[in-house]
Amino acid sequence: MTLRNISPGVWFILPTMLLLAALIVYPMLSTAELSVTDANGAFSGMRNFNVAISAPSTRLILFNTAYYVIGSVVFQLLLGILAGILLNQHFAGRSLVRSLMLIPWVVPGIVAAMTWAWMFHTDYGIINYMLMQVGIISEPIGWLTNPNTVMPALIAVNAWKMFPFVAVMVLAGLQSVPEELYEAVRVDGASFWHEIWHIMLPQLRPVLVSITLLLTIWALDGITIIYSITGGGPANRSMIFPIQIYVQAFEYFEFNRAAALSVLYFLFISVIIVLYMRVFAAQEKD
Amino acid sequence: MAQVALNKLVKRYGAYQALHEVDMTVENGEFVVLVGPSGCGKSTLLRTIAGLEEISGGTISIGGRVVNTIRPKERDIAMVFQSYALYPHKTVRKNMSFALKLAGVAQPEIDKAVERAAAILGLEPLLDRKPKQLSGGQRQRVAMGRAIVRNPQVFLFDEPLSNLDAKLRVQMRAEIRELHQRLGATTVYVTHDQIEAMTMADKIVVMRDGHIEQIGHPLELYDRPANRFVAGFIGSPAMNFIEGQVDASGTDRFIASDGTAIPVSARLGILKRSPAVLAIRPEDLSIVEENTPGAFPGMVSVVETTGPETIVIANSCGTRLSVVIKERSRLKLGEKVWLSADVSKLHFFEASKDGRRLAA
């Protein structure tokens, strides 16, 4: 076969395919290889996996990851939908509020994380200060050091960071809802709550399905906020999978175990994505 | 069922006034059609009755109750929208039952009402489908079903047929009319299509620029239009207008601006000398032999054949005159023809901007 016989389409996609192979396929295969070898490169079978699975922290980390992802996505959606619906109403200063709302999303993740870390500080943080001033709490809460409050606090930061994205998408979705639908539902006797439930949310469904997937992916690999605020502590109480992989690899230099964790995490995410596509994308079709 | 009464109704959008002191009454069980060109205020008027627009002055009453500040849902009206506005994620059954459900009606009663409406409109096989699985005509029927189910005091239709193709439009026109005869509900129907207005209405309201130009029975509007606007709007092909004046020499002739003389009735003496507009419907003109008394010349510029009749457009009297003839025509473009007007069917309007009808 000569070069002339190759379909021109192949030449068009070849650069991209090579790039993808170099940047995605090779690292994946390389990680898979690392996961079944030891530090000297000798084949070690499933030993790295056994170590990773039997480690007592793994279960906690898995739980934390699910907690963080579900908590973040739920609150990002709730806040975002609420904000999107409110910003779709007519009121004075609406454009200004719409712009201001974008701030959390625009602020670089590391800046937001450091700012929140200070705000949550047990002794000097403004959150404890304000809560004590109004008498809601009598002594400072160790938001980031108490095992029971650290995850909710981090989820709050993540929800705050990403809700504007949801709000923008919801707003765009709502603006494509025909005005006559609202009028029809008003003539039919609906209240504002009915409008939300029977018109807005069903009409937003395709948008929400897509952004839920995006938010889930972003939360699953969301290292910045947790790593820069708590580093996974206290005592692994805020440790999530991607951070654990990072720590194993680049702090303990256990590349083979990190690779085994990566493979496990890859399977974990794949299962979630496949389930998600099955449930929601299938419903979307009918 | 109820009477709808509008009294000095005013609607302003900032400095722009969309409705100017509109007075109108829709009697109990009457089918009233609001008709006029785009931007005449007919849809705005309908939406104020529905309560979807606030009014700036005057009163609206439904069934004797002033509803100015009452929300749409408490007005006991049902509306069919131009886009149908069916709830896309709900089945036909749920679309139809939604209003009753919101009103807290018991499920067995809802089912009964939906079944009844579905039977009237032939929607039974479609009840479990979603709107996007329906054709345009079926959606239109569901939109009407949604209105019927509620058994409202007043039905409001906002150009409901304008998204349908011509054939379906004619069919649905008859169905809506039949439905009205069956239910006897007070109905206000908006359209820009004068044929729809003529064929469906008990009473037509012709609007222009936020004013009512004339209210009346379809044939009353056709036979005695109150002004030049109504005369030109109602009827297709449109009425012919010839500018000129009644001859002062006492020979009972109307002299068009290009000097053509058209015989008119002797009773028009009062109009002598003042500029006026003579109007005649295309079917009241005929093509005649050259020597016919009172015939005036024209030159054929367009011949349109519709099958049952032929529309000839001729340059004559300083304008273009449409003539509808029943027989097929062998006329050629540029051919000279002789036209004759039925003297008993002539209309006269003032030459002024308002163009009011002149008594004759």
# chains A, B, ... in the order shown; residues from 1 in each chain; ligands from 1
call {"tool": "interface_residues", "arguments": {"of": "chain A", "to": "chain B", "cutoff": "10 Å", "atoms": "only C-alpha atoms", "output": "PyMOL selection string"}}
result
chain A and resi 178-191+194+198-199+202-203+205+286
call {"tool": "select_by_dssp", "arguments": {"residues": "stretch 9-207 of chain A", "states": "helix (DSSP H, G or I)", "output": "ChimeraX atom specification"}}
result
/A:9-35,47-54,56-87,94-101,103-106,109-119,126-133,150-175,179-187,192-207
call {"tool": "residues_around", "arguments": {"residues": "B:Asp165", "least_positions_apart": "5", "cutoff": "10 Å", "atoms": "only C-alpha atoms", "output": "MDAnalysis selection string"}}
result
chainID B and resid 136:137 170
call {"tool": "residues_around", "arguments": {"residues": "stretch 230-236 of chain B", "least_positions_apart": "3", "cutoff": "9 Å", "atoms": "only C-alpha atoms", "output": "list in words"}}
result
Gly36, Pro37, Gln194, Ile195, Ala197, Met198, Val206, Met207, Glu213, Gln214, Pro218, Leu221, Tyr222, Asp223, Arg224, Pro225, Ala226, Asn227, Met239, Asn240, Phe241, Ala279, Arg281 and Pro282 of chain B
